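Trainee: Structure below; questions to follow.
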2 protein chains.
Amino acid sequence: MTRLQAIYHIRCDAKSVDERARTIAVEQSVEMPLAAIDDPYVLSEIVGRVDDVREIGAGLFEARISLSAATVGRDAGQLVNMLFGNTSIHDDVVLHDAEIPDDVAAMFGGPRHGLDGLRRRVGAGRRALTCSAIKPQGLKPAKLAELARRLADGGIDYIKDDHGLADQSYSPFAARVTAIAAALGGSTAHYVPSITGDLDAMRTQIAVARDSGIDTVMVAPMVSGVSNFHRLVADNPDLAFLTHPSLAGAARISPPFHFGALFRMLGADAVVFPNHGGRFGYSAETCREIARRALEKCTGLRPCVPVPAGGMSRERVGEMLEFYGADIMLLIGGGLLEARERLTEATTAFVAEVHGWKSK
Amino acid sequence: MTRLQAIYHIRCDAKSVDERARTIAVEQSVEMPLAAIDDPYVLSEIVGRVDDVREIGAGLFEARISLSAATVGRDAGQLVNMLFGNTSIHDDVVLHDAEIPDDVAAMFGGPRHGLDGLRRRVGAGRRALTCSAIKPQGLKPAKLAELARRLADGGIDYIKDDHGLADQSYSPFAARVTAIAAALGGSTAHYVPSITGDLDAMRTQIAVARDSGIDTVMVAPMVSGVSNFHRLVADNPDLAFLTHPSLAGAARISPPFHFGALFRMLGADAVVFPNHGGRFGYSAETCREIARRALEKCTGLRPCVPVPAGGMSRERVGEMLEFYGADIMLLIGGGLLEARERLTEATTAFVAEVHGWKSK
């Protein structure tokens with residue numbers, strides 16, 4: 001029977017770690033004393049198995065625990081529940097990674113468009129993609145539309161909503177999306193609205209976006225619930241999806257697995273994550289690994305575009321392209337907006353640098 | 001204009017903390033350089049305001065940051081996005097608490113039944129409620145139904161699904177719920193199935209549960225997405241909702257706010273959380289505070305039943321009742337199931353102790 005393997009990093013002393021790993025295996029599967037189980041199928045297949053425990057640093061251990069894929073079924077929420085549901089409450093454990101069998105990953109389906117699809121939408125060839133964000137929240141639709149128009153005039157590929165833009169009374173979703181789509185008429189820039197609320201609300205927003213000709217949207221899966229994100233992807237195969245890291249935390253699920261592997265498997269065509277050296281504390285190594293996981297060859301899964309972001313600026317474009325290569329989307333939000341009345345010129349310069357970049 | 005106040009605990013040095021607090025206020029509101037904003041409404045109302053910063057320990061500061069309630073609108077997901085979306089990615093900050101204005105809390109609505117309603121369902125008067133869980137996952141519906149019947153024969157009030165029970169092929173939701181409801185016919189015990197999947201799947205499961213006469217269900221809001229949890233509560237005012245802490249993490253959102261305040265405000269009638277001295281690391285003080293927050297008088301919100309759980313045993317019943325008082329639901333899962341063929345007798349003894357308890 002197919003099994004997943006969850007890989008945990010545990011802070012523990014060497015004497016206790018084997019017992020700690022067994023406890024996690026029980027917590028993440030049957031969650032009860034094994035002595036009280038007499039069903040042979042449960043004991044042989046459902047109880048988590050400790051496949052390996054090894055020391056990887058002082059007081060830090062890696063435990064590999066396999067879980068039956070039958071416990072996950074076809075639901076993304078149940079996948080994260082099985083991998084980390086109760087164990088997320090233990091502060092000595094991080095979900096470092098998971099080995100997901102190809103048939104399970106293929107069932108979730110991965111990006112429907114991915115790197116090639118997002119490049120094709122904007123005629124980008126093999127170069128890096130460019131992206132900016134419209135903000136701040138609080139602006140009325142007409143003002144946001146004007147910002148979008150000025151970014152588009154600078155030749156940017158994608159213009160996403162700030163993740164704070166939802167369906168607020170001062171800028172309702174439908175009014176905003178209609179105004180921005182109208183402002184971008186005739187431009188090659190693609191507007192990427194942020195889709196929020198419960199699943200019904202998200203579907204209504206997607207319908208509104210479609211009516212305005214939009215083909216790419218953004219979702220924060222940890223806010224929406226991964227099952228609902230995955231459902232939207234499955235129900236809208238023609239749309240491309242960017243994921244936002246809101247509420248994804250920092251410390252408990254390793255970012256390369258969270259953003260590079262999990263969100264990709266669930267259908268993210270592009271994944272926004274905090275770049276090193278910006279407003280967030282990820283290391284360069286973590287960021288390189290997120291990008292690697294998003295792009296690496298996986299049977300049946302298209303590559304997902306890494307979108308390092310969070311306090312990026314034009315000054316860092318060359319460095320970021322050297323670091324990540326061209327299979328990337330460069331997102332500069334506030335760093336462009338602070339050009340104010342020179343927003344289009346700043347955008348044009350950003351776009352020119354990306355288009356003209358050649359690896360040293 | 002109505003404002004929320006988010007309360008963060010920040011690990012920082014004294015010299016940098018004011019700037020760090022201002023950075024969080026910007027990150028959680030407009031997420032861009034203030035110098036690039038010229039809209040007076042945004043500057044005066046939407047930008048987060050640092051109301052107070054004070055040292056509460058060595059290198060630990062409490063910052064109170066107010067946010068416009070207009071940014072939240074009526075969506076629970078946008079509420080958590082505003083309170084902790086991007087800041088959850090910073091590992092020096094914990095969302096300690098939030099002061100939510102009464103009109104915002106009343107809009108979310110809180111428990112529809114709460115403590116009184118859950119007592120009334122089982123004719124419990126003012127005593128503590130009793131609960132157990134059926135598990136392990138992997139058992140077929142008939143076996144789970146037999147366990148439920150034996151717990152019911154012992155006089156237990158509520159029998160909940162283990163949170164690992166979803167809609168798996170070896171025990172599909174509909175077959176399980178139908179079998180268990182039939183097995184409990186004529187008993188006073190209330191079966192509480194775990195509702196999982198995307199919002200559509202959860203609604204289908206609720207319809208199946210209703211057809212079997214079920215009036216109480218369990219949801220894990222951090223897996224389902226808080227917006228979807230809140231939607232189910234609003235759409236099903238006759239159902240009572242238990243929340244499960246799966247994926248709620250330990251370290252980044254303080255448990256008293258997370259379980260006692262947030263889940264209650266969104267409609268949890270009873271909130272399961274890890275008790276001190278069990279399988280999880282919460283302190284007695286944390287648990288007391290969760291229970292206090294779940295029960296405290298709040299304008300317009302019914303009290304929510306605290307359900308301390310996670311490795312509880314019959315031996316701890318007296319101690320837990322002394323600690324929490326009788327406004328509680330005592331949940332013993334594996335600790336009863338390990339009685340195996342004497343499950344009904346162990347349940348009877350547990351129930352008798354709770355019913356007979358008098359505060360010393």
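We name chains A, B, ... following the order of the structure tokens; residues begin at 1 in each chain, and ligands are numbered from 1 as shown.
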Tell me as a ChimeraX atom specification which residues belonging to chain B come within 7 Å of chain A, counting only C-alpha atoms.

Mentor: /B:30-33,35-36,42,46,70-71,73,75,77,81,84-86,88-91,135-139,168,197-199,223-225,227-228,231,246-251,280-281,334,337-338,340

Trainee: Could you pull out the residues in region 68-278 of chain A that DSSP calls alpha helix (DSSP H) from the backbone, as an mmCIF file with N, CA, C and O atoms, in the first residue's frame?

Mentor:
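Saved file result_30.cif follows:
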data_model
loop_
_atom_site.group_PDB
_atom_site.id
_atom_site.type_symbol
_atom_site.label_atom_id
_atom_site.label_comp_id
_atom_site.auth_asym_id
_atom_site.auth_seq_id
_atom_site.Cartn_x
_atom_site.Cartn_y
_atom_site.Cartn_z
ATOM 1 N N ALA A 76 -6.685 17.838 0.507
ATOM 2 C CA ALA A 76 -5.466 18.568 0.886
ATOM 3 C C ALA A 76 -5.456 18.906 2.374
ATOM 4 O O ALA A 76 -4.402 18.882 3.024
ATOM 5 N N GLY A 77 -6.608 19.232 2.939
ATOM 6 C CA GLY A 77 -6.689 19.526 4.373
ATOM 7 C C GLY A 77 -6.310 18.312 5.199
ATOM 8 O O GLY A 77 -5.572 18.415 6.193
ATOM 9 N N GLN A 78 -6.789 17.160 4.780
ATOM 10 C CA GLN A 78 -6.456 15.941 5.510
ATOM 11 C C GLN A 78 -4.973 15.610 5.334
ATOM 12 O O GLN A 78 -4.344 15.063 6.247
ATOM 13 N N LEU A 79 -4.382 15.983 4.210
ATOM 14 C CA LEU A 79 -2.933 15.801 4.038
ATOM 15 C C LEU A 79 -2.157 16.587 5.097
ATOM 16 O O LEU A 79 -1.294 16.038 5.785
ATOM 17 N N VAL A 80 -2.465 17.867 5.274
ATOM 18 C CA VAL A 80 -1.717 18.642 6.281
ATOM 19 C C VAL A 80 -2.090 18.197 7.695
ATOM 20 O O VAL A 80 -1.254 18.209 8.599
ATOM 21 N N ASN A 81 -3.317 17.765 7.883
ATOM 22 C CA ASN A 81 -3.729 17.215 9.175
ATOM 23 C C ASN A 81 -2.893 15.985 9.524
ATOM 24 O O ASN A 81 -2.413 15.849 10.658
ATOM 25 N N MET A 82 -2.688 15.102 8.558
ATOM 26 C CA MET A 82 -1.903 13.889 8.804
ATOM 27 C C MET A 82 -0.421 14.227 8.982
ATOM 28 O O MET A 82 0.257 13.636 9.807
ATOM 29 N N LEU A 83 0.098 15.165 8.200
ATOM 30 C CA LEU A 83 1.526 15.472 8.280
ATOM 31 C C LEU A 83 1.877 16.241 9.556
ATOM 32 O O LEU A 83 2.958 16.064 10.118
ATOM 33 N N PHE A 84 0.942 17.111 10.014
ATOM 34 C CA PHE A 84 1.395 18.037 11.067
ATOM 35 C C PHE A 84 0.277 18.531 11.987
ATOM 36 O O PHE A 84 0.506 19.431 12.783
ATOM 37 N N ASP A 102 4.478 9.582 -6.149
ATOM 38 C CA ASP A 102 4.071 10.223 -7.403
ATOM 39 C C ASP A 102 2.572 10.130 -7.651
ATOM 40 O O ASP A 102 1.966 11.064 -8.183
ATOM 41 N N ASP A 103 1.949 9.008 -7.274
ATOM 42 C CA ASP A 103 0.517 8.879 -7.577
ATOM 43 C C ASP A 103 -0.311 9.837 -6.720
ATOM 44 O O ASP A 103 -1.332 10.356 -7.169
ATOM 45 N N VAL A 104 0.141 10.091 -5.502
ATOM 46 C CA VAL A 104 -0.570 11.049 -4.645
ATOM 47 C C VAL A 104 -0.372 12.465 -5.191
ATOM 48 O O VAL A 104 -1.326 13.241 -5.327
ATOM 49 N N ALA A 105 0.873 12.796 -5.538
ATOM 50 C CA ALA A 105 1.146 14.128 -6.099
ATOM 51 C C ALA A 105 0.365 14.333 -7.394
ATOM 52 O O ALA A 105 -0.222 15.392 -7.612
ATOM 53 N N ALA A 106 0.314 13.318 -8.223
ATOM 54 C CA ALA A 106 -0.412 13.440 -9.496
ATOM 55 C C ALA A 106 -1.906 13.603 -9.243
ATOM 56 O O ALA A 106 -2.596 14.314 -9.985
ATOM 57 N N MET A 107 -2.415 12.966 -8.201
ATOM 58 C CA MET A 107 -3.835 13.131 -7.855
ATOM 59 C C MET A 107 -4.103 14.592 -7.483
ATOM 60 O O MET A 107 -5.110 15.164 -7.897
ATOM 61 N N PHE A 108 -3.197 15.211 -6.713
ATOM 62 C CA PHE A 108 -3.386 16.636 -6.407
ATOM 63 C C PHE A 108 -3.146 17.481 -7.666
ATOM 64 O O PHE A 108 -3.801 18.487 -7.866
ATOM 65 N N GLY A 114 2.120 26.820 -14.573
ATOM 66 C CA GLY A 114 3.505 26.821 -14.143
ATOM 67 C C GLY A 114 4.361 27.813 -14.903
ATOM 68 O O GLY A 114 3.867 28.775 -15.509
ATOM 69 N N LEU A 115 5.653 27.557 -14.860
ATOM 70 C CA LEU A 115 6.623 28.482 -15.441
ATOM 71 C C LEU A 115 6.335 28.770 -16.921
ATOM 72 O O LEU A 115 6.241 29.932 -17.337
ATOM 73 N N ASP A 116 6.171 27.707 -17.697
ATOM 74 C CA ASP A 116 5.965 27.916 -19.139
ATOM 75 C C ASP A 116 4.667 28.679 -19.406
ATOM 76 O O ASP A 116 4.628 29.577 -20.253
ATOM 77 N N GLY A 117 3.621 28.306 -18.683
ATOM 78 C CA GLY A 117 2.326 28.940 -18.902
ATOM 79 C C GLY A 117 2.345 30.420 -18.545
ATOM 80 O O GLY A 117 1.771 31.254 -19.260
ATOM 81 N N LEU A 118 3.004 30.754 -17.447
ATOM 82 C CA LEU A 118 3.050 32.167 -17.047
ATOM 83 C C LEU A 118 3.927 32.977 -17.993
ATOM 84 O O LEU A 118 3.687 34.167 -18.217
ATOM 85 N N ARG A 119 4.957 32.346 -18.535
ATOM 86 C CA ARG A 119 5.763 33.044 -19.554
ATOM 87 C C ARG A 119 4.954 33.233 -20.835
ATOM 88 O O ARG A 119 4.975 34.300 -21.448
ATOM 89 N N ARG A 120 4.240 32.189 -21.223
ATOM 90 C CA ARG A 120 3.485 32.246 -22.481
ATOM 91 C C ARG A 120 2.418 33.342 -22.440
ATOM 92 O O ARG A 120 2.230 34.069 -23.408
ATOM 93 N N ARG A 121 1.737 33.467 -21.284
ATOM 94 C CA ARG A 121 0.687 34.496 -21.138
ATOM 95 C C ARG A 121 1.192 35.889 -21.499
ATOM 96 O O ARG A 121 0.423 36.740 -21.932
ATOM 97 N N PRO A 141 -11.094 52.285 -5.834
ATOM 98 C CA PRO A 141 -10.805 51.579 -7.094
ATOM 99 C C PRO A 141 -10.138 52.456 -8.149
ATOM 100 O O PRO A 141 -9.183 52.019 -8.802
ATOM 101 N N ALA A 142 -10.602 53.685 -8.309
ATOM 102 C CA ALA A 142 -10.050 54.525 -9.379
ATOM 103 C C ALA A 142 -8.566 54.803 -9.156
ATOM 104 O O ALA A 142 -7.771 54.823 -10.106
ATOM 105 N N LYS A 143 -8.190 55.008 -7.890
ATOM 106 C CA LYS A 143 -6.778 55.284 -7.605
ATOM 107 C C LYS A 143 -5.914 54.046 -7.810
ATOM 108 O O LYS A 143 -4.783 54.135 -8.306
ATOM 109 N N LEU A 144 -6.430 52.889 -7.400
ATOM 110 C CA LEU A 144 -5.689 51.644 -7.625
ATOM 111 C C LEU A 144 -5.562 51.385 -9.122
ATOM 112 O O LEU A 144 -4.509 50.946 -9.607
ATOM 113 N N ALA A 145 -6.606 51.669 -9.848
ATOM 114 C CA ALA A 145 -6.579 51.464 -11.304
ATOM 115 C C ALA A 145 -5.538 52.374 -11.959
ATOM 116 O O ALA A 145 -4.846 51.979 -12.902
ATOM 117 N N GLU A 146 -5.420 53.573 -11.435
ATOM 118 C CA GLU A 146 -4.432 54.503 -11.994
ATOM 119 C C GLU A 146 -3.007 53.982 -11.744
ATOM 120 O O GLU A 146 -2.151 54.026 -12.640
ATOM 121 N N LEU A 147 -2.765 53.465 -10.536
ATOM 122 C CA LEU A 147 -1.454 52.865 -10.257
ATOM 123 C C LEU A 147 -1.187 51.700 -11.213
ATOM 124 O O LEU A 147 -0.082 51.560 -11.754
ATOM 125 N N ALA A 148 -2.195 50.859 -11.384
ATOM 126 C CA ALA A 148 -2.027 49.698 -12.269
ATOM 127 C C ALA A 148 -1.678 50.153 -13.685
ATOM 128 O O ALA A 148 -0.783 49.604 -14.336
ATOM 129 N N ARG A 149 -2.373 51.195 -14.150
ATOM 130 C CA ARG A 149 -2.133 51.703 -15.501
ATOM 131 C C ARG A 149 -0.692 52.203 -15.644
ATOM 132 O O ARG A 149 -0.022 51.935 -16.651
ATOM 133 N N ARG A 150 -0.206 52.852 -14.619
ATOM 134 C CA ARG A 150 1.147 53.402 -14.715
ATOM 135 C C ARG A 150 2.206 52.300 -14.665
ATOM 136 O O ARG A 150 3.246 52.398 -15.328
ATOM 137 N N LEU A 151 1.933 51.256 -13.907
ATOM 138 C CA LEU A 151 2.841 50.097 -13.916
ATOM 139 C C LEU A 151 2.801 49.423 -15.289
ATOM 140 O O LEU A 151 3.837 49.019 -15.837
ATOM 141 N N ALA A 152 1.612 49.302 -15.852
ATOM 142 C CA ALA A 152 1.461 48.669 -17.170
ATOM 143 C C ALA A 152 2.181 49.481 -18.240
ATOM 144 O O ALA A 152 2.827 48.932 -19.136
ATOM 145 N N ASP A 153 2.097 50.793 -18.127
ATOM 146 C CA ASP A 153 2.779 51.655 -19.097
ATOM 147 C C ASP A 153 4.291 51.441 -19.055
ATOM 148 O O ASP A 153 4.992 51.698 -20.024
ATOM 149 N N PHE A 173 -14.557 44.349 -4.038
ATOM 150 C CA PHE A 173 -13.841 43.535 -5.012
ATOM 151 C C PHE A 173 -14.305 43.808 -6.445
ATOM 152 O O PHE A 173 -13.486 44.063 -7.337
ATOM 153 N N ALA A 174 -15.610 43.751 -6.660
ATOM 154 C CA ALA A 174 -16.129 43.858 -8.032
ATOM 155 C C ALA A 174 -15.796 45.220 -8.644
ATOM 156 O O ALA A 174 -15.373 45.304 -9.805
ATOM 157 N N ALA A 175 -15.952 46.274 -7.844
ATOM 158 C CA ALA A 175 -15.668 47.616 -8.360
ATOM 159 C C ALA A 175 -14.177 47.759 -8.674
ATOM 160 O O ALA A 175 -13.781 48.349 -9.686
ATOM 161 N N ARG A 176 -13.332 47.209 -7.784
ATOM 162 C CA ARG A 176 -11.888 47.307 -7.991
ATOM 163 C C ARG A 176 -11.451 46.562 -9.244
ATOM 164 O O ARG A 176 -10.711 47.093 -10.089
ATOM 165 N N VAL A 177 -11.907 45.320 -9.357
ATOM 166 C CA VAL A 177 -11.451 44.477 -10.464
ATOM 167 C C VAL A 177 -11.931 45.048 -11.804
ATOM 168 O O VAL A 177 -11.177 45.096 -12.778
ATOM 169 N N THR A 178 -13.159 45.498 -11.823
ATOM 170 C CA THR A 178 -13.699 46.073 -13.064
ATOM 171 C C THR A 178 -12.914 47.322 -13.458
ATOM 172 O O THR A 178 -12.539 47.486 -14.627
ATOM 173 N N ALA A 179 -12.637 48.171 -12.474
ATOM 174 C CA ALA A 179 -11.910 49.410 -12.769
ATOM 175 C C ALA A 179 -10.494 49.122 -13.258
ATOM 176 O O ALA A 179 -10.012 49.749 -14.214
ATOM 177 N N ILE A 180 -9.830 48.165 -12.621
ATOM 178 C CA ILE A 180 -8.439 47.893 -12.987
ATOM 179 C C ILE A 180 -8.373 47.206 -14.342
ATOM 180 O O ILE A 180 -7.539 47.555 -15.190
ATOM 181 N N ALA A 181 -9.268 46.251 -14.567
ATOM 182 C CA ALA A 181 -9.269 45.573 -15.870
ATOM 183 C C ALA A 181 -9.515 46.587 -16.987
ATOM 184 O O ALA A 181 -8.864 46.536 -18.044
ATOM 185 N N ALA A 182 -10.422 47.527 -16.735
ATOM 186 C CA ALA A 182 -10.705 48.549 -17.750
ATOM 187 C C ALA A 182 -9.476 49.427 -17.978
ATOM 188 O O ALA A 182 -9.126 49.750 -19.119
ATOM 189 N N ALA A 183 -8.789 49.790 -16.896
ATOM 190 C CA ALA A 183 -7.611 50.658 -17.010
ATOM 191 C C ALA A 183 -6.481 49.978 -17.774
ATOM 192 O O ALA A 183 -5.638 50.646 -18.376
ATOM 193 N N LEU A 199 -15.298 29.744 0.566
ATOM 194 C CA LEU A 199 -15.225 29.192 -0.793
ATOM 195 C C LEU A 199 -16.280 29.809 -1.713
ATOM 196 O O LEU A 199 -16.000 30.097 -2.879
ATOM 197 N N ASP A 200 -17.473 30.042 -1.192
ATOM 198 C CA ASP A 200 -18.518 30.680 -2.011
ATOM 199 C C ASP A 200 -18.079 32.072 -2.463
ATOM 200 O O ASP A 200 -18.224 32.439 -3.630
ATOM 201 N N ALA A 201 -17.561 32.850 -1.495
ATOM 202 C CA ALA A 201 -17.132 34.212 -1.816
ATOM 203 C C ALA A 201 -16.001 34.181 -2.843
ATOM 204 O O ALA A 201 -15.956 34.997 -3.775
ATOM 205 N N MET A 202 -15.083 33.234 -2.684
ATOM 206 C CA MET A 202 -13.967 33.134 -3.620
ATOM 207 C C MET A 202 -14.455 32.788 -5.027
ATOM 208 O O MET A 202 -13.959 33.317 -6.020
ATOM 209 N N ARG A 203 -15.443 31.901 -5.094
ATOM 210 C CA ARG A 203 -15.998 31.550 -6.409
ATOM 211 C C ARG A 203 -16.681 32.744 -7.062
ATOM 212 O O ARG A 203 -16.553 32.953 -8.273
ATOM 213 N N THR A 204 -17.410 33.500 -6.248
ATOM 214 C CA THR A 204 -18.081 34.683 -6.791
ATOM 215 C C THR A 204 -17.041 35.663 -7.320
ATOM 216 O O THR A 204 -17.203 36.248 -8.399
ATOM 217 N N GLN A 205 -15.952 35.844 -6.567
ATOM 218 C CA GLN A 205 -14.899 36.766 -7.004
ATOM 219 C C GLN A 205 -14.244 36.273 -8.299
ATOM 220 O O GLN A 205 -13.941 37.070 -9.194
ATOM 221 N N ILE A 206 -14.037 34.970 -8.389
ATOM 222 C CA ILE A 206 -13.436 34.433 -9.618
ATOM 223 C C ILE A 206 -14.364 34.678 -10.812
ATOM 224 O O ILE A 206 -13.907 35.025 -11.915
ATOM 225 N N ALA A 207 -15.664 34.528 -10.591
ATOM 226 C CA ALA A 207 -16.613 34.782 -11.687
ATOM 227 C C ALA A 207 -16.541 36.246 -12.127
ATOM 228 O O ALA A 207 -16.554 36.542 -13.330
ATOM 229 N N VAL A 208 -16.460 37.145 -11.163
ATOM 230 C CA VAL A 208 -16.323 38.573 -11.485
ATOM 231 C C VAL A 208 -15.031 38.814 -12.272
ATOM 232 O O VAL A 208 -15.015 39.527 -13.281
ATOM 233 N N ALA A 209 -13.948 38.207 -11.815
ATOM 234 C CA ALA A 209 -12.660 38.379 -12.488
ATOM 235 C C ALA A 209 -12.717 37.855 -13.922
ATOM 236 O O ALA A 209 -12.245 38.510 -14.863
ATOM 237 N N ARG A 210 -13.310 36.677 -14.091
ATOM 238 C CA ARG A 210 -13.460 36.119 -15.449
ATOM 239 C C ARG A 210 -14.220 37.069 -16.362
ATOM 240 O O ARG A 210 -13.867 37.227 -17.530
ATOM 241 N N ASP A 211 -15.284 37.663 -15.809
ATOM 242 C CA ASP A 211 -16.084 38.590 -16.624
ATOM 243 C C ASP A 211 -15.244 39.758 -17.118
ATOM 244 O O ASP A 211 -15.573 40.385 -18.124
ATOM 245 N N PRO A 221 -3.230 30.224 0.676
ATOM 246 C CA PRO A 221 -3.823 28.925 1.040
ATOM 247 C C PRO A 221 -3.949 28.689 2.547
ATOM 248 O O PRO A 221 -4.861 27.985 2.967
ATOM 249 N N MET A 222 -3.054 29.266 3.364
ATOM 250 C CA MET A 222 -3.159 29.015 4.796
ATOM 251 C C MET A 222 -4.301 29.822 5.412
ATOM 252 O O MET A 222 -4.771 29.502 6.498
ATOM 253 N N VAL A 223 -4.749 30.859 4.751
ATOM 254 C CA VAL A 223 -5.923 31.598 5.212
ATOM 255 C C VAL A 223 -7.196 30.939 4.659
ATOM 256 O O VAL A 223 -8.161 30.709 5.388
ATOM 257 N N SER A 224 -7.197 30.600 3.395
ATOM 258 C CA SER A 224 -8.405 30.046 2.759
ATOM 259 C C SER A 224 -8.663 28.608 3.179
ATOM 260 O O SER A 224 -9.783 28.117 3.063
ATOM 261 N N VAL A 226 -6.234 24.904 2.762
ATOM 262 C CA VAL A 226 -5.617 24.290 1.581
ATOM 263 C C VAL A 226 -6.635 23.521 0.734
ATOM 264 O O VAL A 226 -6.515 23.457 -0.491
ATOM 265 N N SER A 227 -7.660 22.943 1.357
ATOM 266 C CA SER A 227 -8.666 22.187 0.583
ATOM 267 C C SER A 227 -9.404 23.100 -0.383
ATOM 268 O O SER A 227 -9.732 22.706 -1.507
ATOM 269 N N ASN A 228 -9.700 24.310 0.081
ATOM 270 C CA ASN A 228 -10.448 25.244 -0.765
ATOM 271 C C ASN A 228 -9.566 25.791 -1.874
ATOM 272 O O ASN A 228 -10.023 25.987 -3.001
ATOM 273 N N PHE A 229 -8.288 26.045 -1.553
ATOM 274 C CA PHE A 229 -7.351 26.453 -2.605
ATOM 275 C C PHE A 229 -7.288 25.377 -3.684
ATOM 276 O O PHE A 229 -7.428 25.651 -4.884
ATOM 277 N N HIS A 230 -7.110 24.147 -3.237
ATOM 278 C CA HIS A 230 -6.988 23.043 -4.184
ATOM 279 C C HIS A 230 -8.262 22.868 -5.002
ATOM 280 O O HIS A 230 -8.212 22.568 -6.200
ATOM 281 N N ARG A 231 -9.395 23.071 -4.379
ATOM 282 C CA ARG A 231 -10.670 22.973 -5.090
ATOM 283 C C ARG A 231 -10.787 24.030 -6.193
ATOM 284 O O ARG A 231 -11.223 23.749 -7.308
ATOM 285 N N LEU A 232 -10.360 25.255 -5.871
ATOM 286 C CA LEU A 232 -10.415 26.322 -6.880
ATOM 287 C C LEU A 232 -9.517 26.003 -8.067
ATOM 288 O O LEU A 232 -9.887 26.232 -9.226
ATOM 289 N N VAL A 233 -8.332 25.485 -7.770
ATOM 290 C CA VAL A 233 -7.411 25.102 -8.849
ATOM 291 C C VAL A 233 -8.049 24.030 -9.734
ATOM 292 O O VAL A 233 -8.049 24.135 -10.965
ATOM 293 N N ALA A 234 -8.626 23.015 -9.096
ATOM 294 C CA ALA A 234 -9.203 21.903 -9.858
ATOM 295 C C ALA A 234 -10.398 22.360 -10.689
ATOM 296 O O ALA A 234 -10.608 21.892 -11.810
ATOM 297 N N ASP A 235 -11.187 23.285 -10.139
ATOM 298 C CA ASP A 235 -12.407 23.731 -10.833
ATOM 299 C C ASP A 235 -12.137 24.784 -11.905
ATOM 300 O O ASP A 235 -13.035 25.105 -12.685
ATOM 301 N N PRO A 255 10.099 26.289 5.227
ATOM 302 C CA PRO A 255 9.664 27.020 4.035
ATOM 303 C C PRO A 255 9.894 26.289 2.704
ATOM 304 O O PRO A 255 9.019 26.351 1.832
ATOM 305 N N PHE A 263 2.697 23.805 -1.712
ATOM 306 C CA PHE A 263 1.844 24.706 -2.507
ATOM 307 C C PHE A 263 1.925 24.349 -3.994
ATOM 308 O O PHE A 263 0.939 24.409 -4.722
ATOM 309 N N ARG A 264 3.116 23.976 -4.453
ATOM 310 C CA ARG A 264 3.244 23.546 -5.852
ATOM 311 C C ARG A 264 2.379 22.313 -6.125
ATOM 312 O O ARG A 264 1.649 22.267 -7.109
ATOM 313 N N MET A 265 2.469 21.332 -5.258
ATOM 314 C CA MET A 265 1.712 20.098 -5.489
ATOM 315 C C MET A 265 0.217 20.379 -5.541
ATOM 316 O O MET A 265 -0.526 19.752 -6.289
#

Trainee: Residues near region 275-277 of chain B, anyone? I mean within 10 Å using only C-alpha atoms, not counting same-chain ones fewer than 3 positions away, as a short mmCIF file (atom, residue, chain, number, x, y, z; two decimals) with N, CA and C atoms, in the first residue's frame.

Mentor:
data_model
loop_
_atom_site.label_atom_id
_atom_site.label_comp_id
_atom_site.auth_asym_id
_atom_site.auth_seq_id
_atom_site.Cartn_x
_atom_site.Cartn_y
_atom_site.Cartn_z
N VAL B 272 -11.81 22.45 21.92
CA VAL B 272 -10.84 21.45 22.38
C VAL B 272 -9.45 22.08 22.39
N PHE B 280 0.87 17.36 25.57
CA PHE B 280 1.31 18.62 24.98
C PHE B 280 1.90 19.53 26.05
N GLY B 281 2.64 20.53 25.63
CA GLY B 281 3.47 21.27 26.57
C GLY B 281 2.86 22.52 27.18
N TYR B 282 1.56 22.74 27.07
CA TYR B 282 0.99 23.96 27.64
C TYR B 282 1.12 23.95 29.16
N SER B 283 1.36 25.14 29.73
CA SER B 283 1.44 25.26 31.18
C SER B 283 0.04 25.31 31.77
N ALA B 284 -0.03 25.05 33.08
CA ALA B 284 -1.32 25.16 33.79
C ALA B 284 -1.87 26.57 33.64
N GLU B 285 -0.99 27.55 33.71
CA GLU B 285 -1.42 28.94 33.62
C GLU B 285 -2.04 29.24 32.24
N THR B 286 -1.41 28.73 31.18
CA THR B 286 -1.96 28.91 29.84
C THR B 286 -3.35 28.29 29.74
N CYS B 287 -3.49 27.09 30.29
CA CYS B 287 -4.78 26.38 30.20
C CYS B 287 -5.86 27.11 31.00
N ARG B 288 -5.50 27.61 32.17
CA ARG B 288 -6.47 28.35 32.97
C ARG B 288 -6.94 29.59 32.22
N ILE B 290 -6.91 30.02 28.89
CA ILE B 290 -7.78 29.61 27.77
C ILE B 290 -9.21 29.44 28.27
N VAL B 307 -12.67 22.58 26.57
CA VAL B 307 -12.54 21.12 26.51
C VAL B 307 -11.06 20.76 26.57
N PRO B 308 -10.46 20.76 27.77
CA PRO B 308 -9.05 20.39 27.89
C PRO B 308 -8.89 18.91 27.58
N ALA B 309 -7.91 18.55 26.78
CA ALA B 309 -7.81 17.16 26.31
C ALA B 309 -6.36 16.84 25.96
N GLY B 310 -6.13 15.64 25.46
CA GLY B 310 -4.80 15.25 25.00
C GLY B 310 -4.05 14.44 26.05
N GLY B 311 -4.36 13.15 26.13
CA GLY B 311 -3.70 12.30 27.11
C GLY B 311 -4.31 12.38 28.50
N MET B 312 -5.59 12.70 28.58
CA MET B 312 -6.24 12.74 29.89
C MET B 312 -6.60 11.31 30.34
N ARG B 316 -7.25 11.74 36.59
CA ARG B 316 -7.10 13.20 36.70
C ARG B 316 -8.44 13.94 36.81
N MET B 320 -8.80 17.87 37.69
CA MET B 320 -9.21 18.79 36.62
C MET B 320 -10.47 19.57 37.02
#
